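The file start19.tsv contains TSV, C-alpha atoms:
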chain	number	residue	atom	x	y	z
A	1	MET	CA	-2.74	21.03	-4.73
A	2	GLY	CA	-2.77	23.33	-7.72
A	3	ASP	CA	-5.42	24.17	-10.26
A	4	ARG	CA	-4.18	21.46	-12.58
A	5	GLU	CA	-4.53	18.78	-9.93
A	6	VAL	CA	-8.05	19.93	-9.06
A	7	ASP	CA	-9.01	19.65	-12.73
A	8	GLN	CA	-7.40	16.24	-12.92
A	9	GLN	CA	-9.50	15.07	-9.95
A	10	LEU	CA	-12.65	16.08	-11.82
A	11	VAL	CA	-11.49	14.74	-15.19
A	12	GLU	CA	-10.77	11.30	-13.75
A	13	ARG	CA	-14.24	11.14	-12.30
A	14	ALA	CA	-15.81	12.30	-15.54
A	15	GLN	CA	-13.84	9.58	-17.33
A	16	ARG	CA	-15.40	7.08	-14.95
A	17	GLY	CA	-18.85	8.18	-16.05
A	18	ASP	CA	-19.64	11.00	-13.62
A	19	LYS	CA	-21.23	13.71	-15.75
A	20	ARG	CA	-21.54	15.93	-12.71
A	21	ALA	CA	-17.79	16.20	-12.48
A	22	PHE	CA	-17.66	17.37	-16.10
A	23	GLU	CA	-20.37	19.93	-15.40
A	24	LEU	CA	-18.17	21.38	-12.66
A	25	LEU	CA	-15.36	21.77	-15.19
A	26	VAL	CA	-17.75	23.43	-17.63
A	27	ALA	CA	-18.95	25.85	-14.96
A	28	LYS	CA	-15.33	26.69	-14.23
A	29	TYR	CA	-14.15	27.28	-17.79
A	30	GLN	CA	-17.20	28.37	-19.76
A	31	ARG	CA	-16.46	32.09	-19.39
A	32	LYS	CA	-12.79	31.72	-20.17
A	33	LEU	CA	-13.53	29.61	-23.22
A	34	GLY	CA	-16.32	31.96	-24.31
A	35	ARG	CA	-13.94	34.89	-24.16
A	36	LEU	CA	-11.36	33.01	-26.18
A	37	LEU	CA	-13.86	32.06	-28.86
A	38	SER	CA	-15.32	35.56	-29.03
A	39	ARG	CA	-12.04	36.59	-30.67
A	40	MET	CA	-12.74	34.24	-33.53
A	41	VAL	CA	-16.53	34.15	-33.71
A	42	ARG	CA	-17.85	37.64	-33.29
A	43	ASP	CA	-21.57	37.05	-32.92
A	44	PRO	CA	-22.39	36.45	-29.20
A	45	ALA	CA	-25.08	33.87	-29.96
A	46	GLU	CA	-22.66	31.99	-32.19
A	47	VAL	CA	-20.01	32.19	-29.46
A	48	GLU	CA	-22.32	30.32	-27.13
A	49	ASP	CA	-23.07	27.72	-29.79
A	50	VAL	CA	-19.41	27.12	-30.55
A	51	THR	CA	-18.53	27.07	-26.85
A	52	GLN	CA	-21.15	24.42	-26.25
A	53	GLU	CA	-19.99	22.40	-29.22
A	54	ALA	CA	-16.40	22.60	-27.99
A	55	PHE	CA	-17.37	21.31	-24.55
A	56	ILE	CA	-19.41	18.48	-26.05
A	57	LYS	CA	-16.50	17.51	-28.28
A	58	ALA	CA	-14.22	17.59	-25.25
A	59	TYR	CA	-16.64	15.36	-23.35
A	60	ARG	CA	-16.71	12.82	-26.18
A	61	ALA	CA	-12.93	12.92	-26.39
A	62	LEU	CA	-12.42	12.47	-22.64
A	63	PRO	CA	-11.20	8.86	-22.99
A	64	SER	CA	-8.28	10.15	-25.03
A	65	PHE	CA	-7.25	12.74	-22.42
A	66	ARG	CA	-4.23	11.29	-20.67
A	67	GLY	CA	-3.30	14.22	-18.47
A	68	ASP	CA	-0.06	14.93	-20.33
A	69	SER	CA	-1.09	18.57	-20.50
A	70	ALA	CA	-3.36	20.66	-18.29
A	71	PHE	CA	-7.05	20.11	-18.92
A	72	TYR	CA	-7.54	23.71	-20.02
A	73	THR	CA	-4.69	23.51	-22.52
A	74	TRP	CA	-6.30	20.42	-24.04
A	75	LEU	CA	-9.73	22.08	-24.01
A	76	TYR	CA	-8.24	25.22	-25.58
A	77	ARG	CA	-6.98	23.26	-28.59
A	78	ILE	CA	-10.34	21.56	-29.05
A	79	ALA	CA	-12.11	24.92	-28.87
A	80	ILE	CA	-9.80	26.55	-31.42
A	81	ASN	CA	-10.30	23.67	-33.86
A	82	THR	CA	-14.06	23.74	-33.30
A	83	ALA	CA	-14.19	27.46	-34.05
A	84	LYS	CA	-12.04	27.08	-37.16
A	85	ASN	CA	-14.22	24.29	-38.49
A	86	TYR	CA	-17.30	26.34	-37.70
A	87	LEU	CA	-16.00	29.33	-39.63
A	88	VAL	CA	-14.89	27.20	-42.56
A	89	ALA	CA	-18.33	25.57	-42.70
A	90	LEU	CA	-19.87	29.02	-42.87
A	91	GLY	CA	-17.50	29.99	-45.64
A	92	ARG	CA	-15.75	32.55	-43.48
A	93	ARG	CA	-12.02	32.88	-43.18
A	94	ALA	CA	-10.68	31.02	-40.22
A	95	PRO	CA	-7.82	32.74	-38.40
A	96	THR	CA	-4.39	31.52	-39.40
A	97	THR	CA	-2.99	28.77	-37.29
A	98	THR	CA	-0.25	30.85	-35.70
A	99	GLU	CA	-2.66	33.50	-34.49
A	100	PHE	CA	-3.99	31.15	-31.87
A	101	ASP	CA	-1.75	28.15	-31.66
A	102	ASN	CA	1.12	30.28	-30.42
A	103	GLU	CA	-1.11	31.77	-27.75
A	104	ASP	CA	-0.24	30.85	-24.21
A	105	ALA	CA	-3.42	29.02	-23.29
A	106	GLU	CA	-2.85	29.40	-19.57
A	107	ASN	CA	-2.37	33.17	-19.64
A	108	PHE	CA	-4.89	34.12	-22.22
A	109	ASP	CA	-5.99	37.71	-21.65
A	110	ASP	CA	-9.08	38.51	-23.61
A	111	ALA	CA	-11.28	40.81	-21.61
A	112	GLU	CA	-11.08	43.44	-24.34
A	113	ALA	CA	-12.30	41.00	-26.94
A	114	LEU	CA	-15.32	40.22	-24.82
A	115	ARG	CA	-16.20	43.88	-24.58
A	116	ASP	CA	-16.03	44.09	-28.35
A	117	SER	CA	-18.33	41.17	-29.03
A	118	ALA	CA	-20.75	41.22	-26.10
A	119	THR	CA	-24.30	42.39	-26.62
A	120	PRO	CA	-25.37	45.51	-24.69
A	121	GLU	CA	-27.33	43.22	-22.35
A	122	ASP	CA	-24.32	41.04	-21.71
A	123	HIS	CA	-22.20	44.10	-21.19
A	124	LEU	CA	-24.66	45.51	-18.66
A	125	HIS	CA	-24.93	42.15	-16.95
A	126	GLY	CA	-21.18	41.88	-16.63
A	127	LYS	CA	-20.96	45.38	-15.28
A	128	GLN	CA	-23.64	44.67	-12.67
A	129	ILE	CA	-21.82	41.53	-11.58
A	130	ALA	CA	-18.54	43.42	-11.22
A	131	GLU	CA	-20.22	46.20	-9.21
A	132	THR	CA	-21.98	43.73	-6.95
A	133	VAL	CA	-18.80	41.82	-6.23
A	134	THR	CA	-16.88	45.03	-5.57
A	135	ARG	CA	-19.58	46.30	-3.22
A	136	ALA	CA	-19.80	43.00	-1.37
A	137	MET	CA	-16.01	42.90	-1.00
A	138	ALA	CA	-16.03	46.38	0.49
A	139	THR	CA	-18.45	45.33	3.19
A	140	LEU	CA	-16.45	42.25	4.20
A	141	PRO	CA	-14.51	42.26	7.47
A	142	GLU	CA	-10.83	42.95	6.87
A	143	ASP	CA	-9.61	39.42	7.61
A	144	LEU	CA	-12.12	37.85	5.21
A	145	ARG	CA	-11.32	40.36	2.47
A	146	THR	CA	-7.59	39.80	2.84
A	147	ALA	CA	-7.96	36.01	2.79
A	148	ILE	CA	-10.05	35.87	-0.38
A	149	THR	CA	-7.88	38.48	-2.10
A	150	LEU	CA	-4.73	36.48	-1.41
A	151	ARG	CA	-6.43	33.37	-2.72
A	152	GLU	CA	-8.32	34.60	-5.78
A	153	ILE	CA	-6.15	37.45	-7.00
A	154	ASP	CA	-2.68	36.47	-5.81
A	155	GLY	CA	-3.35	32.75	-6.24
A	156	LEU	CA	-1.70	31.76	-2.97
A	157	ALA	CA	-2.20	28.34	-1.39
A	158	TYR	CA	-3.84	28.01	2.02
A	159	GLU	CA	-0.46	27.33	3.67
A	160	GLU	CA	1.01	30.53	2.26
A	161	ILE	CA	-2.01	32.58	3.31
A	162	ALA	CA	-1.82	31.09	6.80
A	163	THR	CA	1.82	32.14	7.05
A	164	LEU	CA	1.11	35.64	5.79
A	165	MET	CA	-1.91	36.13	8.03
A	166	ASN	CA	-0.26	34.38	10.96
A	167	CYS	CA	-3.16	32.04	11.62
A	168	PRO	CA	-3.93	28.32	11.32
A	169	ILE	CA	-4.88	26.82	7.95
A	170	GLY	CA	-8.32	25.97	9.31
A	171	THR	CA	-8.93	29.65	9.92
A	172	VAL	CA	-7.87	30.50	6.36
A	173	ARG	CA	-10.21	27.83	5.01
A	174	SER	CA	-13.08	29.24	7.05
A	175	ARG	CA	-12.37	32.87	6.16
A	176	ILE	CA	-12.26	32.18	2.43
A	177	PHE	CA	-15.47	30.19	2.58
A	178	ARG	CA	-17.27	32.87	4.61
A	179	ALA	CA	-16.09	35.57	2.19
A	180	ARG	CA	-17.39	33.59	-0.79
A	181	GLU	CA	-20.71	32.97	0.90
A	182	ALA	CA	-21.12	36.65	1.76
A	183	ILE	CA	-20.43	37.72	-1.83
A	184	ALA	CA	-22.54	34.89	-3.26
A	185	ALA	CA	-25.51	36.03	-1.19
A	186	GLU	CA	-25.41	39.35	-3.05
A	187	LEU	CA	-24.67	37.79	-6.41
A	188	ARG	CA	-27.21	34.98	-6.60
A	189	PRO	CA	-30.23	37.16	-7.46
A	190	LEU	CA	-28.24	38.72	-10.28
A	191	LEU	CA	-27.13	35.37	-11.68
A	192	GLY	CA	-30.64	34.05	-11.47
A	193	THR	CA	-29.39	31.15	-9.43
A	194	ASP	CA	-30.70	29.89	-6.19
A	195	GLU	CA	-29.24	27.50	-3.68
A	196	ASN	CA	-32.42	25.47	-4.05
A	197	ARG	CA	-32.27	25.32	-7.83
A	198	ARG	CA	-29.94	23.24	-9.90
A	199	TRP	CA	-28.57	26.21	-11.83
B	1	MET	CA	-21.40	21.10	1.63
B	2	ASN	CA	-20.74	24.63	0.35
B	3	GLU	CA	-17.56	24.80	2.41
B	4	GLU	CA	-16.38	21.59	0.77
B	5	LEU	CA	-17.12	23.08	-2.66
B	6	SER	CA	-15.03	26.06	-1.65
B	7	ARG	CA	-12.20	23.75	-0.58
B	8	LEU	CA	-12.44	21.72	-3.80
B	9	MET	CA	-12.14	24.93	-5.79
B	10	ASP	CA	-8.91	25.75	-3.97
B	11	GLY	CA	-7.46	22.24	-4.20
B	12	ASP	CA	-7.81	21.70	-0.47
B	13	LEU	CA	-10.19	18.74	-0.57
B	14	PRO	CA	-8.59	15.29	-0.11
B	15	ASP	CA	-9.16	12.90	-2.99
B	16	ALA	CA	-11.24	10.56	-0.85
B	17	GLU	CA	-13.72	13.32	-0.04
B	18	VAL	CA	-14.20	14.39	-3.66
B	19	ASP	CA	-16.28	11.32	-4.55
B	20	ARG	CA	-18.55	11.87	-1.58
B	21	LEU	CA	-18.93	15.53	-2.45
B	22	LEU	CA	-19.77	14.77	-6.07
B	23	ASN	CA	-22.45	12.37	-4.93
B	24	GLU	CA	-23.90	15.07	-2.74
B	25	CYS	CA	-23.69	17.50	-5.66
B	26	ARG	CA	-26.74	15.79	-7.08
B	27	ARG	CA	-28.64	17.89	-4.59
B	28	ASP	CA	-30.14	20.96	-6.22
B	29	GLY	CA	-28.15	24.11	-5.81
B	30	ALA	CA	-24.69	22.60	-5.51
B	31	LEU	CA	-23.80	23.31	-9.13
B	32	ALA	CA	-25.29	26.79	-8.83
B	33	THR	CA	-23.13	27.47	-5.79
B	34	TRP	CA	-20.03	26.16	-7.53
B	35	ALA	CA	-20.78	28.32	-10.59
B	36	CYS	CA	-21.39	31.34	-8.37
B	37	TYR	CA	-18.02	30.86	-6.63
B	38	GLN	CA	-16.37	30.62	-10.05
B	39	VAL	CA	-17.99	33.87	-11.19
B	40	ILE	CA	-16.72	35.56	-8.01
B	41	GLY	CA	-13.19	34.35	-8.69
B	42	ASP	CA	-13.27	35.41	-12.35
B	43	THR	CA	-14.68	38.82	-11.45
B	44	LEU	CA	-12.06	39.44	-8.77
B	45	ARG	CA	-9.36	38.60	-11.32
B	46	GLY	CA	-10.80	41.27	-13.59
B	47	THR	CA	-12.48	39.05	-16.16
B	48	PRO	CA	-16.06	40.17	-16.36
B	49	GLY	CA	-19.26	38.46	-17.17
B	50	ALA	CA	-21.28	35.36	-16.96
B	51	MET	CA	-23.08	33.31	-19.52
B	52	PRO	CA	-26.39	33.01	-17.70
B	53	ARG	CA	-28.17	30.98	-20.36
B	54	PHE	CA	-25.27	28.77	-21.13
B	55	SER	CA	-25.28	26.46	-18.12
B	56	ARG	CA	-28.86	25.36	-18.49
B	57	ARG	CA	-28.52	24.89	-22.24
B	58	PHE	CA	-25.38	22.90	-21.79
B	59	ALA	CA	-26.89	20.72	-19.05
B	60	HIS	CA	-29.58	19.63	-21.50
B	61	ALA	CA	-27.06	18.95	-24.25
B	62	LEU	CA	-24.84	16.95	-21.93
B	63	ALA	CA	-27.78	14.92	-20.64
B	64	ALA	CA	-28.44	13.82	-24.22
B	65	GLU	CA	-24.89	12.55	-24.61
B	66	PRO	CA	-24.10	8.89	-23.93
B	67	THR	CA	-22.08	8.59	-20.75
B	68	VAL	CA	-18.37	8.45	-21.40
B	69	LEU	CA	-16.53	5.57	-19.82
B	70	ALA	CA	-12.82	5.67	-20.35
B	71	PRO	CA	-11.00	2.42	-19.62
B	72	ARG	CA	-8.86	2.65	-16.53
B	73	ARG	CA	-5.30	3.23	-17.41
B	74	ARG	CA	-2.98	0.43	-16.39
B	75	ALA	CA	-0.01	1.24	-14.28
B	76	GLN	CA	2.62	2.86	-16.43
B	77	PRO	CA	5.17	0.28	-17.58
B	78	ALA	CA	8.77	1.21	-17.05
B	79	PRO	CA	9.99	3.30	-19.96
B	80	SER	CA	12.23	1.61	-22.51
B	81	TRP	CA	15.25	3.68	-21.46
B	82	ALA	CA	14.92	2.28	-17.94
B	83	TRP	CA	15.11	-1.27	-19.23
B	84	ALA	CA	18.12	-0.35	-21.36
B	85	ALA	CA	19.83	1.27	-18.37
B	86	ALA	CA	19.11	-1.74	-16.16
B	87	ALA	CA	20.48	-4.12	-18.78
B	88	SER	CA	23.63	-2.02	-19.14
B	89	VAL	CA	24.21	-1.97	-15.39
B	90	ALA	CA	23.69	-5.73	-15.18
B	91	ALA	CA	26.12	-6.35	-18.06
B	92	VAL	CA	28.79	-4.12	-16.51
B	93	ALA	CA	28.31	-5.88	-13.17
B	94	VAL	CA	28.77	-9.36	-14.68
B	95	VAL	CA	31.82	-8.37	-16.71
B	96	GLY	CA	33.33	-6.56	-13.75
B	97	TRP	CA	32.77	-9.45	-11.39
B	98	THR	CA	34.29	-11.90	-13.83
B	99	ALA	CA	37.31	-9.70	-14.42
B	100	LEU	CA	37.87	-9.23	-10.71
B	101	SER	CA	37.64	-12.92	-9.98
B	102	LEU	CA	40.32	-13.62	-12.63
B	103	THR	CA	42.69	-10.91	-11.54
B	104	GLU	CA	44.49	-11.56	-8.28
B	105	ASP	CA	45.29	-8.83	-5.94
B	106	PRO	CA	49.13	-8.43	-5.85
B	107	ALA	CA	49.21	-8.88	-2.09
B	108	THR	CA	47.22	-12.09	-2.37
B	109	ALA	CA	49.51	-13.38	-5.10
B	110	ILE	CA	52.64	-12.68	-2.99
B	111	ALA	CA	51.12	-14.42	0.02
B	112	LYS	CA	50.32	-17.46	-2.10
B	113	ALA	CA	53.87	-17.55	-3.47
B	114	LEU	CA	55.31	-17.44	0.04
B	115	GLU	CA	53.00	-20.23	1.09
B	116	ALA	CA	54.15	-22.30	-1.89
B	117	GLY	CA	57.81	-21.84	-0.87
B	118	SER	CA	57.23	-23.24	2.54
B	119	VAL	CA	55.43	-26.36	1.41
B	120	THR	CA	57.21	-29.62	2.24
B	121	PRO	CA	56.55	-32.83	0.33
B	122	ALA	CA	54.26	-35.23	2.08
B	123	ARG	CA	55.84	-38.35	3.40
B	124	VAL	CA	54.80	-41.34	1.36
B	125	ARG	CA	53.70	-44.13	3.57
B	126	PRO	CA	55.82	-47.15	2.70
B	127	GLN	CA	54.07	-50.06	1.18
B	128	THR	CA	53.91	-52.76	3.78
B	129	LEU	CA	52.31	-55.57	1.83
B	130	PRO	CA	54.72	-58.37	0.96
B	131	GLN	CA	55.67	-58.25	-2.69
B	132	ASP	CA	55.41	-62.05	-3.03
B	133	TYR	CA	51.93	-62.02	-1.65
B	134	VAL	CA	50.78	-59.35	-4.05
B	135	LEU	CA	52.49	-61.08	-6.94
B	136	ALA	CA	50.82	-64.34	-6.11
B	137	HIS	CA	47.48	-62.67	-5.65
B	138	GLN	CA	47.84	-60.93	-8.97
B	139	GLN	CA	47.61	-64.21	-10.80
B	140	TYR	CA	44.10	-64.79	-9.47
B	141	THR	CA	42.65	-61.33	-10.00
B	142	PRO	CA	40.28	-60.98	-12.95
B	143	ALA	CA	41.88	-59.39	-15.93
B	144	THR	CA	41.04	-58.91	-19.53
B	145	ALA	CA	43.16	-59.48	-22.54
B	146	TYR	CA	43.21	-55.79	-23.19
B	147	GLN	CA	45.08	-55.13	-19.99
B	148	GLY	CA	48.00	-57.20	-21.16
B	149	VAL	CA	50.93	-57.28	-18.80
B	150	SER	CA	50.32	-53.88	-17.23
B	151	PRO	CA	49.02	-55.12	-13.87
B	152	TYR	CA	51.90	-57.55	-13.55
B	153	VAL	CA	54.49	-54.91	-14.44
B	154	ARG	CA	53.07	-52.51	-11.87
B	155	VAL	CA	53.35	-55.08	-9.12
B	156	VAL	CA	56.83	-56.22	-10.01
B	157	ALA	CA	58.07	-52.67	-10.50
B	158	ALA	CA	56.85	-51.55	-7.08
B	159	PRO	CA	59.76	-50.60	-4.81
B	160	ILE	CA	60.81	-53.19	-2.33
B	161	VAL	CA	60.54	-51.80	1.15
B	162	ASP	CA	62.21	-53.07	4.32
B	163	GLY	CA	62.65	-56.63	3.29
B	164	ALA	CA	59.14	-57.20	2.17
B	165	ARG	CA	60.29	-59.92	-0.11
Encoding of this model in structure tokens:
Amino acid sequence: MGDREVDQQLVERAQRGDKRAFELLVAKYQRKLGRLLSRMVRDPAEVEDVTQEAFIKAYRALPSFRGDSAFYTWLYRIAINTAKNYLVALGRRAPTTTEFDNEDAENFDDAEALRDSATPEDHLHGKQIAETVTRAMATLPEDLRTAITLREIDGLAYEEIATLMNCPIGTVRSRIFRAREAIAAELRPLLGTDENRRW
Amino acid sequence: MNEELSRLMDGDLPDAEVDRLLNECRRDGALATWACYQVIGDTLRGTPGAMPRFSRRFAHALAAEPTVLAPRRRAQPAPSWAWAAAASVAAVAVVGWTALSLTEDPATAIAKALEAGSVTPARVRPQTLPQDYVLAHQQYTPATAYQGVSPYVRVVAAPIVDGAR
């Protein structure tokens, strides 16, 4: 099952009234959408406002989402329109349509834009997260590190990883989970999240 | 439950288990774990950062929203081109069948012709009733004026066989 199918699972549940499913989608795409919008709305605080507004608009429009396109592609269009309307309302020039509509929503690369618009605190926070993840990865046993790298960076499915690592799928599943847990243990204090808190 | 969140993230969780997991997600910490796993994935792919204040802010905003309930989509009806194709196939089948039933196979036609050549006329069973008897009986059978002399002519004109008279 690919990323699109996972999103579809959550979208269908959100359409049936499960807000929790939509929150999972928000947690998944909030950074990606924030980075996209930071190219249009430069002020970091405004980026968060517009990102939130885009998600709320998407939530209200969920009944009209038919799954003809990937959820993120649909969300991307809503976010672009939200940002344009926001800029127009402020009397600022909205980017021309072709600047963003021709963008490949699935392969949007915008890390540089984030660096341009992030506050020094956000920049430091991002750097700390990256360092923590890198350090935690370095301390992982080789098989766990390989499994999560093949999954998260190379985007391979469990079956493919099992073939490459010459082990059962159940072992792949377990290795990826253990790797995530080990990294998460280092990361949680930095994110201000706790397993016993909601966020 | 965290392992199931990890599997859901990778598309490895069967559909039937997703509902159960989402119900369990109401437990504190599940969303935080999911978000943490997402940050790990984004960071490993080289996209930095987190929006630490965003999730809590958004949770409040979403809670204030009326719950969305999209009507279940009905099963997709067959597309119009499918109906057109089916109708075309049916029409071709009917026309073809009709044409085939009207056109005889040459071999069948020859066989029928040969059969026809070998047919011999059936022997007509000679009439054995006495002509006088039938003629006499004819006078007493009910008849209408419209029939005229036809019944009488038929009887008289019948061939005389083997001295029936």
Would you mind reading off the distance between CA of Arg27 in chain B and CA of Phe177 in chain A, one decimal, in Å?
19.4 Å
So for range 173-190 of chain A, what box centre and size do we get, axis-aligned, 8 Å extra on each of the six sides, every listed atom, Å to one decimal, as JSON?
{"center_x": -20.2, "center_y": 33.6, "center_z": -1.6, "size_x": 36.0, "size_y": 27.5, "size_z": 33.3}
For the atom pair CA of Arg20 in chain B and CA of Gln30 in chain A, what is the interatomic distance in Å to one decimal place?
24.6 Å
Spatial neighbours of Ile40 in chain B, max dist 8 Å, only C-alpha atoms, sep filter under 4 positions, as a PDB file with C-alpha atoms, keeping the file's coordinate frame:
ATOM      1  CA  VAL A 133     -18.800  41.820  -6.230  1.00  0.00           C
ATOM      2  CA  ARG A 180     -17.390  33.590  -0.790  1.00  0.00           C
ATOM      3  CA  ILE A 183     -20.430  37.720  -1.830  1.00  0.00           C
ATOM      4  CA  ALA A 184     -22.540  34.890  -3.260  1.00  0.00           C
TER       5      ALA A 184
ATOM      6  CA  CYS B  36     -21.390  31.340  -8.370  1.00  0.00           C
ATOM      7  CA  LEU B  44     -12.060  39.440  -8.770  1.00  0.00           C
TER       8      LEU B  44
END
Check the smallest atom-to-atom distance from each of B:Glu24, B:Arg45, B:Glu17, B:Trp34 to Ile148 in chain A using only C-alpha atoms, then report the winner.
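Looking only at the distances to Ile148 in chain A, the closest residue turns out to be B:Arg45.
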Minimum-distance residue to chain A, chosen among B:Pro130, B:Gly11, B:Gly96, B:Pro66 (using all atoms listed in the file):
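With all atoms listed in the file as the atom set, the closest residue is B:Gly11.
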Atom-to-atom span, CA of Ser174 in chain A and CA of Leu31 in chain B, Å:
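Between CA of Ser174 in chain A and CA of Leu31 in chain B the gap works out to 20.3 Å.
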So that I can see what lies close to His60 in chain B, please list as a ChimeraX atom specification the residues with an atom at most 12 Å from it, counting only C-alpha atoms and leaving out residues fewer than 6 positions away in the same chain.
/A:19,23,52,56,199 /B:53-54
